[in-house]
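Report on one structure; see the data block that follows.
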Amino acid sequence: MKNLIIGIIVGLCLPVIAGYIFIRSGGMPVATKGPPLPLEQTIVKMALRAAIGTEKDRSSPLQATEQDFISGAKLYVTNCAACHGTLKSTPTAIAKGLFPKPPQLFEPDNGVTDDPIGKIYWKVKNGIRLTGMPGFVDQLTDTELWVVSELLQKADKLPVSVQKELTIQPR
């Protein structure tokens with residue numbers, strides 16, 4: 001019985017000690033050019049899904065008019081485009097330097113048009129730790145958070161007037 005207890009204690013302590021040595025010796029990549037750790041993306045996606053939870057099912061209080069989309073586009077260009085790009089833009093130096101790379105939301109297959117509006121709203125409002133994605137809860141009103149979220153969800157179906165607002169090249 002004594003050997004079993006010692007085995008359990010060693011089995012629990014060994015990974016902790018190995019992790020400490022790995023981090024302390026500089027083995028953990030912390031630079032933005034470093035590769036992701038094994039399981040890093042899986043763990044982060046799992047944690048993000050759990051944090052968003054049922055908020056993804058939340059519906060927008062807006063009826064998203066063309067004027068809402070124009071307002072959302074102006075807010076997007078001011079607050080988001082430097083990292084996430086605009087229509088027909090190339091990634092900025094900021095976007096290229098972040099880890100993980102921010103999705104260029106107006107490129108085909110990179111946007112969030114297939115995400116529930118509540119999920120988009122949650123990300124815009126709260127941000128995502130350790131990704132460079134800030135939360136805008138203290139900078140934008142609730143209505144502004146929703147118009148940006150609506151804009152992103154409908155990015156593949158925007159009127160020409162809104163598309164014009166999104167052709168500005170981010171700096």
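Convention: chains lettered A, B, ... in structure tokens order; per-chain residue numbering from 1; ligands numbered from 1 as shown.
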Which residues of region 117-155 of chain A come within 9 Å of region 72-76 of chain A, and what is each one's closest atom pair and distance in Å (one decimal), counting only C-alpha atoms, sorted by chain and residue number, as JSON lines?
```
{"residue": "A:Leu140", "atom": "CA", "partner": "A:Leu75", "partner_atom": "CA", "distance": 9.0}
{"residue": "A:Glu144", "atom": "CA", "partner": "A:Gly72", "partner_atom": "CA", "distance": 6.9}
{"residue": "A:Leu145", "atom": "CA", "partner": "A:Gly72", "partner_atom": "CA", "distance": 8.4}
{"residue": "A:Trp146", "atom": "CA", "partner": "A:Gly72", "partner_atom": "CA", "distance": 8.3}
{"residue": "A:Val147", "atom": "CA", "partner": "A:Gly72", "partner_atom": "CA", "distance": 4.8}
{"residue": "A:Val148", "atom": "CA", "partner": "A:Gly72", "partner_atom": "CA", "distance": 4.4}
{"residue": "A:Ser149", "atom": "CA", "partner": "A:Gly72", "partner_atom": "CA", "distance": 7.9}
{"residue": "A:Glu150", "atom": "CA", "partner": "A:Gly72", "partner_atom": "CA", "distance": 7.7}
{"residue": "A:Leu151", "atom": "CA", "partner": "A:Gly72", "partner_atom": "CA", "distance": 5.9}
{"residue": "A:Leu152", "atom": "CA", "partner": "A:Gly72", "partner_atom": "CA", "distance": 8.7}
```
Expected file: the selected residues, N, CA, C and O atoms, as a PDB file, in the first residue's frame:
```
ATOM      1  N   LEU A 140     -17.252  50.698 -26.706  1.00  0.00           N
ATOM      2  CA  LEU A 140     -18.416  50.820 -27.583  1.00  0.00           C
ATOM      3  C   LEU A 140     -19.699  50.622 -26.786  1.00  0.00           C
ATOM      4  O   LEU A 140     -19.711  49.876 -25.806  1.00  0.00           O
ATOM      5  N   GLU A 144     -23.567  49.740 -30.582  1.00  0.00           N
ATOM      6  CA  GLU A 144     -22.400  49.695 -31.472  1.00  0.00           C
ATOM      7  C   GLU A 144     -21.817  48.281 -31.547  1.00  0.00           C
ATOM      8  O   GLU A 144     -21.405  47.832 -32.617  1.00  0.00           O
ATOM      9  N   LEU A 145     -21.792  47.577 -30.421  1.00  0.00           N
ATOM     10  CA  LEU A 145     -21.321  46.188 -30.425  1.00  0.00           C
ATOM     11  C   LEU A 145     -22.191  45.332 -31.340  1.00  0.00           C
ATOM     12  O   LEU A 145     -21.684  44.498 -32.102  1.00  0.00           O
ATOM     13  N   TRP A 146     -23.498  45.561 -31.283  1.00  0.00           N
ATOM     14  CA  TRP A 146     -24.415  44.783 -32.130  1.00  0.00           C
ATOM     15  C   TRP A 146     -24.273  45.135 -33.602  1.00  0.00           C
ATOM     16  O   TRP A 146     -24.315  44.255 -34.459  1.00  0.00           O
ATOM     17  N   VAL A 147     -24.086  46.428 -33.952  1.00  0.00           N
ATOM     18  CA  VAL A 147     -23.995  46.771 -35.380  1.00  0.00           C
ATOM     19  C   VAL A 147     -22.713  46.202 -35.995  1.00  0.00           C
ATOM     20  O   VAL A 147     -22.721  45.753 -37.144  1.00  0.00           O
ATOM     21  N   VAL A 148     -21.624  46.180 -35.226  1.00  0.00           N
ATOM     22  CA  VAL A 148     -20.390  45.562 -35.730  1.00  0.00           C
ATOM     23  C   VAL A 148     -20.604  44.058 -35.889  1.00  0.00           C
ATOM     24  O   VAL A 148     -20.202  43.464 -36.899  1.00  0.00           O
ATOM     25  N   SER A 149     -21.255  43.447 -34.925  1.00  0.00           N
ATOM     26  CA  SER A 149     -21.533  42.008 -34.994  1.00  0.00           C
ATOM     27  C   SER A 149     -22.415  41.671 -36.192  1.00  0.00           C
ATOM     28  O   SER A 149     -22.159  40.700 -36.919  1.00  0.00           O
ATOM     29  N   GLU A 150     -23.445  42.467 -36.409  1.00  0.00           N
ATOM     30  CA  GLU A 150     -24.338  42.262 -37.561  1.00  0.00           C
ATOM     31  C   GLU A 150     -23.567  42.418 -38.870  1.00  0.00           C
ATOM     32  O   GLU A 150     -23.750  41.647 -39.806  1.00  0.00           O
ATOM     33  N   LEU A 151     -22.718  43.433 -38.941  1.00  0.00           N
ATOM     34  CA  LEU A 151     -21.901  43.660 -40.134  1.00  0.00           C
ATOM     35  C   LEU A 151     -21.062  42.416 -40.446  1.00  0.00           C
ATOM     36  O   LEU A 151     -21.011  41.962 -41.590  1.00  0.00           O
ATOM     37  N   LEU A 152     -20.411  41.875 -39.439  1.00  0.00           N
ATOM     38  CA  LEU A 152     -19.536  40.720 -39.651  1.00  0.00           C
ATOM     39  C   LEU A 152     -20.321  39.475 -40.044  1.00  0.00           C
ATOM     40  O   LEU A 152     -19.872  38.700 -40.890  1.00  0.00           O
TER      41      LEU A 152
END
```
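Those residues that approach region 84-94 of chain A to within 8 Å, counting only C-alpha atoms, are Val77, Pro102, Pro103, Gln104, Leu105, Phe106, Glu107, Gln163, Leu166, Thr167, Ile168, Gln169, Pro170 and Arg171 of chain A; same-chain residues fewer than 5 positions away are not listed.
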May I have the selected residues written with N, CA and C atoms, as a compact mmCIF listing (two decimals), in the first residue's frame?
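That gives us out23.txt:
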```
# COMPACT_ATOMS: atom_id res chain seq x y z
N VAL A 77 -13.86 49.84 -39.39
CA VAL A 77 -12.65 50.42 -39.99
C VAL A 77 -11.81 51.09 -38.91
N PRO A 102 -4.63 37.01 -36.71
CA PRO A 102 -6.06 37.33 -36.72
C PRO A 102 -6.68 36.99 -38.07
N PRO A 103 -7.87 36.42 -38.09
CA PRO A 103 -8.49 36.12 -39.37
C PRO A 103 -8.80 37.40 -40.13
N GLN A 104 -8.55 37.38 -41.42
CA GLN A 104 -8.89 38.51 -42.28
C GLN A 104 -10.36 38.30 -42.63
N LEU A 105 -11.24 39.00 -41.93
CA LEU A 105 -12.67 38.69 -41.89
C LEU A 105 -13.42 38.94 -43.20
N PHE A 106 -12.81 39.61 -44.16
CA PHE A 106 -13.50 39.84 -45.42
C PHE A 106 -12.90 39.01 -46.56
N GLU A 107 -12.00 38.10 -46.23
CA GLU A 107 -11.49 37.15 -47.22
C GLU A 107 -12.44 35.95 -47.24
N GLN A 163 -20.17 48.31 -48.67
CA GLN A 163 -18.89 47.82 -49.20
C GLN A 163 -17.93 48.97 -49.47
N LEU A 166 -16.02 49.90 -46.58
CA LEU A 166 -15.05 48.87 -46.18
C LEU A 166 -13.89 48.71 -47.15
N THR A 167 -13.74 49.63 -48.10
CA THR A 167 -12.62 49.54 -49.04
C THR A 167 -11.45 50.40 -48.59
N ILE A 168 -11.60 51.05 -47.47
CA ILE A 168 -10.52 51.88 -46.93
C ILE A 168 -9.39 50.95 -46.49
N GLN A 169 -8.18 51.26 -46.91
CA GLN A 169 -7.02 50.44 -46.56
C GLN A 169 -6.63 50.75 -45.11
N PRO A 170 -6.61 49.72 -44.24
CA PRO A 170 -6.18 49.98 -42.85
C PRO A 170 -4.70 50.35 -42.79
N ARG A 171 -4.35 51.08 -41.75
CA ARG A 171 -2.94 51.53 -41.60
C ARG A 171 -2.18 50.59 -40.70
```
Have a look at CA of Ala155 (chain A) and CA of Phe136 (chain A) and let me know their distance in Å, one decimal.
19.7 Å
For Ser59 (chain A), list every protein, DNA or RNA residue within 10 Å, evaluated using only C-alpha atoms, and leave out those in the same chain fewer than 6 positions away; present the list as a ChimeraX atom specification.
/A:116-119,121,146
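These are the residues of region 122-168 of chain A assigned helix (DSSP H, G or I) by DSSP from backbone coordinates: A:Trp122, A:Lys123, A:Val124, A:Lys125, A:Asn126, A:Asp142, A:Thr143, A:Glu144, A:Leu145, A:Trp146, A:Val147, A:Val148, A:Ser149, A:Glu150, A:Leu151, A:Leu152, A:Gln153, A:Ala155, A:Asp156, A:Lys157, A:Val160, A:Ser161, A:Val162, A:Gln163, A:Lys164, A:Glu165.
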Preceding selection exported with N, CA, C and O atoms as an mmCIF file, in the first residue's frame:
```cif
data_model
loop_
_atom_site.group_PDB
_atom_site.id
_atom_site.type_symbol
_atom_site.label_atom_id
_atom_site.label_comp_id
_atom_site.auth_asym_id
_atom_site.auth_seq_id
_atom_site.Cartn_x
_atom_site.Cartn_y
_atom_site.Cartn_z
ATOM 1 N N TRP A 122 -20.367 38.186 -28.511
ATOM 2 C CA TRP A 122 -19.591 37.858 -27.319
ATOM 3 C C TRP A 122 -18.115 38.154 -27.547
ATOM 4 O O TRP A 122 -17.447 38.733 -26.696
ATOM 5 N N LYS A 123 -17.594 37.758 -28.714
ATOM 6 C CA LYS A 123 -16.171 37.975 -29.005
ATOM 7 C C LYS A 123 -15.844 39.464 -29.146
ATOM 8 O O LYS A 123 -14.814 39.920 -28.652
ATOM 9 N N VAL A 124 -16.709 40.219 -29.822
ATOM 10 C CA VAL A 124 -16.478 41.658 -29.973
ATOM 11 C C VAL A 124 -16.552 42.337 -28.604
ATOM 12 O O VAL A 124 -15.721 43.185 -28.277
ATOM 13 N N LYS A 125 -17.497 41.955 -27.803
ATOM 14 C CA LYS A 125 -17.688 42.565 -26.488
ATOM 15 C C LYS A 125 -16.565 42.209 -25.506
ATOM 16 O O LYS A 125 -16.006 43.085 -24.855
ATOM 17 N N ASN A 126 -16.236 40.928 -25.415
ATOM 18 C CA ASN A 126 -15.320 40.455 -24.375
ATOM 19 C C ASN A 126 -13.874 40.270 -24.806
ATOM 20 O O ASN A 126 -12.985 40.224 -23.974
ATOM 21 N N ASP A 142 -23.615 49.235 -26.328
ATOM 22 C CA ASP A 142 -24.195 47.943 -26.663
ATOM 23 C C ASP A 142 -24.719 47.943 -28.103
ATOM 24 O O ASP A 142 -24.523 46.973 -28.831
ATOM 25 N N THR A 143 -25.344 49.023 -28.517
ATOM 26 C CA THR A 143 -25.832 49.121 -29.901
ATOM 27 C C THR A 143 -24.673 49.048 -30.886
ATOM 28 O O THR A 143 -24.758 48.364 -31.913
ATOM 29 N N GLU A 144 -23.567 49.740 -30.582
ATOM 30 C CA GLU A 144 -22.400 49.695 -31.472
ATOM 31 C C GLU A 144 -21.817 48.281 -31.547
ATOM 32 O O GLU A 144 -21.405 47.832 -32.617
ATOM 33 N N LEU A 145 -21.792 47.577 -30.421
ATOM 34 C CA LEU A 145 -21.321 46.188 -30.425
ATOM 35 C C LEU A 145 -22.191 45.332 -31.340
ATOM 36 O O LEU A 145 -21.684 44.498 -32.102
ATOM 37 N N TRP A 146 -23.498 45.561 -31.283
ATOM 38 C CA TRP A 146 -24.415 44.783 -32.130
ATOM 39 C C TRP A 146 -24.273 45.135 -33.602
ATOM 40 O O TRP A 146 -24.315 44.255 -34.459
ATOM 41 N N VAL A 147 -24.086 46.428 -33.952
ATOM 42 C CA VAL A 147 -23.995 46.771 -35.380
ATOM 43 C C VAL A 147 -22.713 46.202 -35.995
ATOM 44 O O VAL A 147 -22.721 45.753 -37.144
ATOM 45 N N VAL A 148 -21.624 46.180 -35.226
ATOM 46 C CA VAL A 148 -20.390 45.562 -35.730
ATOM 47 C C VAL A 148 -20.604 44.058 -35.889
ATOM 48 O O VAL A 148 -20.202 43.464 -36.899
ATOM 49 N N SER A 149 -21.255 43.447 -34.925
ATOM 50 C CA SER A 149 -21.533 42.008 -34.994
ATOM 51 C C SER A 149 -22.415 41.671 -36.192
ATOM 52 O O SER A 149 -22.159 40.700 -36.919
ATOM 53 N N GLU A 150 -23.445 42.467 -36.409
ATOM 54 C CA GLU A 150 -24.338 42.262 -37.561
ATOM 55 C C GLU A 150 -23.567 42.418 -38.870
ATOM 56 O O GLU A 150 -23.750 41.647 -39.806
ATOM 57 N N LEU A 151 -22.718 43.433 -38.941
ATOM 58 C CA LEU A 151 -21.901 43.660 -40.134
ATOM 59 C C LEU A 151 -21.062 42.416 -40.446
ATOM 60 O O LEU A 151 -21.011 41.962 -41.590
ATOM 61 N N LEU A 152 -20.411 41.875 -39.439
ATOM 62 C CA LEU A 152 -19.536 40.720 -39.651
ATOM 63 C C LEU A 152 -20.321 39.475 -40.044
ATOM 64 O O LEU A 152 -19.872 38.700 -40.890
ATOM 65 N N GLN A 153 -21.482 39.296 -39.448
ATOM 66 C CA GLN A 153 -22.262 38.108 -39.795
ATOM 67 C C GLN A 153 -22.803 38.189 -41.225
ATOM 68 O O GLN A 153 -22.941 37.181 -41.897
ATOM 69 N N ALA A 155 -21.310 39.839 -43.722
ATOM 70 C CA ALA A 155 -20.200 40.360 -44.541
ATOM 71 C C ALA A 155 -20.250 39.907 -45.995
ATOM 72 O O ALA A 155 -19.769 40.616 -46.873
ATOM 73 N N ASP A 156 -20.846 38.771 -46.257
ATOM 74 C CA ASP A 156 -20.909 38.276 -47.633
ATOM 75 C C ASP A 156 -22.162 38.743 -48.372
ATOM 76 O O ASP A 156 -22.356 38.403 -49.532
ATOM 77 N N LYS A 157 -23.013 39.561 -47.712
ATOM 78 C CA LYS A 157 -24.269 40.007 -48.329
ATOM 79 C C LYS A 157 -24.485 41.511 -48.149
ATOM 80 O O LYS A 157 -25.617 41.968 -48.080
ATOM 81 N N VAL A 160 -23.839 47.669 -51.625
ATOM 82 C CA VAL A 160 -22.699 48.365 -52.225
ATOM 83 C C VAL A 160 -22.296 49.572 -51.378
ATOM 84 O O VAL A 160 -21.104 49.842 -51.204
ATOM 85 N N SER A 161 -23.263 50.295 -50.834
ATOM 86 C CA SER A 161 -22.949 51.480 -50.024
ATOM 87 C C SER A 161 -22.092 51.105 -48.809
ATOM 88 O O SER A 161 -21.200 51.852 -48.415
ATOM 89 N N VAL A 162 -22.330 49.953 -48.248
ATOM 90 C CA VAL A 162 -21.564 49.492 -47.088
ATOM 91 C C VAL A 162 -20.192 48.986 -47.551
ATOM 92 O O VAL A 162 -19.172 49.259 -46.905
ATOM 93 N N GLN A 163 -20.167 48.310 -48.667
ATOM 94 C CA GLN A 163 -18.892 47.817 -49.205
ATOM 95 C C GLN A 163 -17.933 48.968 -49.472
ATOM 96 O O GLN A 163 -16.727 48.848 -49.246
ATOM 97 N N LYS A 164 -18.466 50.106 -49.915
ATOM 98 C CA LYS A 164 -17.625 51.284 -50.166
ATOM 99 C C LYS A 164 -16.943 51.738 -48.875
ATOM 100 O O LYS A 164 -15.785 52.144 -48.894
ATOM 101 N N GLU A 165 -17.671 51.679 -47.769
ATOM 102 C CA GLU A 165 -17.100 52.065 -46.472
ATOM 103 C C GLU A 165 -15.971 51.114 -46.066
ATOM 104 O O GLU A 165 -15.100 51.482 -45.291
#
```
In Å, how far is it from CA of Thr42 (chain A) to CA of Cys83 (chain A)?
22.8 Å
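In this model, the gap between CA of Met133 (chain A) and CA of Ala95 (chain A) comes to 10.9 Å.
Residue nearest Ala47 (chain A), chosen from A:Ile6, A:Ile128, A:Ala18, A:Val137 and counting only C-alpha atoms: A:Ile128.
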Identify, on the basis of only C-alpha atoms, every residue whose closest approach to Phe99 (chain A) does not exceed 9 Å; exclude the query and any residue fewer than 4 positions from it along the same chain; express the result as an mmCIF file with N, CA and C atoms, in the first residue's frame.
```
data_model
loop_
_atom_site.group_PDB
_atom_site.id
_atom_site.type_symbol
_atom_site.label_atom_id
_atom_site.label_comp_id
_atom_site.auth_asym_id
_atom_site.auth_seq_id
_atom_site.Cartn_x
_atom_site.Cartn_y
_atom_site.Cartn_z
ATOM 1 N N ALA A 31 7.421 33.955 -28.084
ATOM 2 C CA ALA A 31 7.489 34.931 -29.170
ATOM 3 C C ALA A 31 6.351 34.667 -30.151
ATOM 4 N N THR A 32 5.909 35.708 -30.834
ATOM 5 C CA THR A 32 4.797 35.549 -31.772
ATOM 6 C C THR A 32 5.160 34.678 -32.966
ATOM 7 N N LYS A 33 6.416 34.471 -33.224
ATOM 8 C CA LYS A 33 6.841 33.609 -34.328
ATOM 9 C C LYS A 33 7.022 32.161 -33.881
ATOM 10 N N GLY A 34 6.866 31.889 -32.588
ATOM 11 C CA GLY A 34 7.017 30.529 -32.083
ATOM 12 C C GLY A 34 5.846 29.648 -32.486
ATOM 13 N N ALA A 95 -1.200 42.925 -38.107
ATOM 14 C CA ALA A 95 -1.811 41.607 -38.286
ATOM 15 C C ALA A 95 -0.752 40.530 -38.501
ATOM 16 N N LEU A 130 -4.957 36.431 -24.597
ATOM 17 C CA LEU A 130 -3.726 35.894 -25.171
ATOM 18 C C LEU A 130 -3.764 35.753 -26.694
ATOM 19 N N THR A 131 -4.652 36.490 -27.365
ATOM 20 C CA THR A 131 -4.695 36.452 -28.821
ATOM 21 C C THR A 131 -4.476 37.831 -29.437
ATOM 22 N N GLY A 132 -4.496 38.870 -28.656
ATOM 23 C CA GLY A 132 -4.436 40.221 -29.185
ATOM 24 C C GLY A 132 -5.820 40.794 -29.452
#
```
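The nearest approach to Leu98 (chain A) among the residues A:Val44, A:Gly111, A:Thr141, A:Ala82, with only C-alpha atoms taken into account, belongs to A:Ala82.
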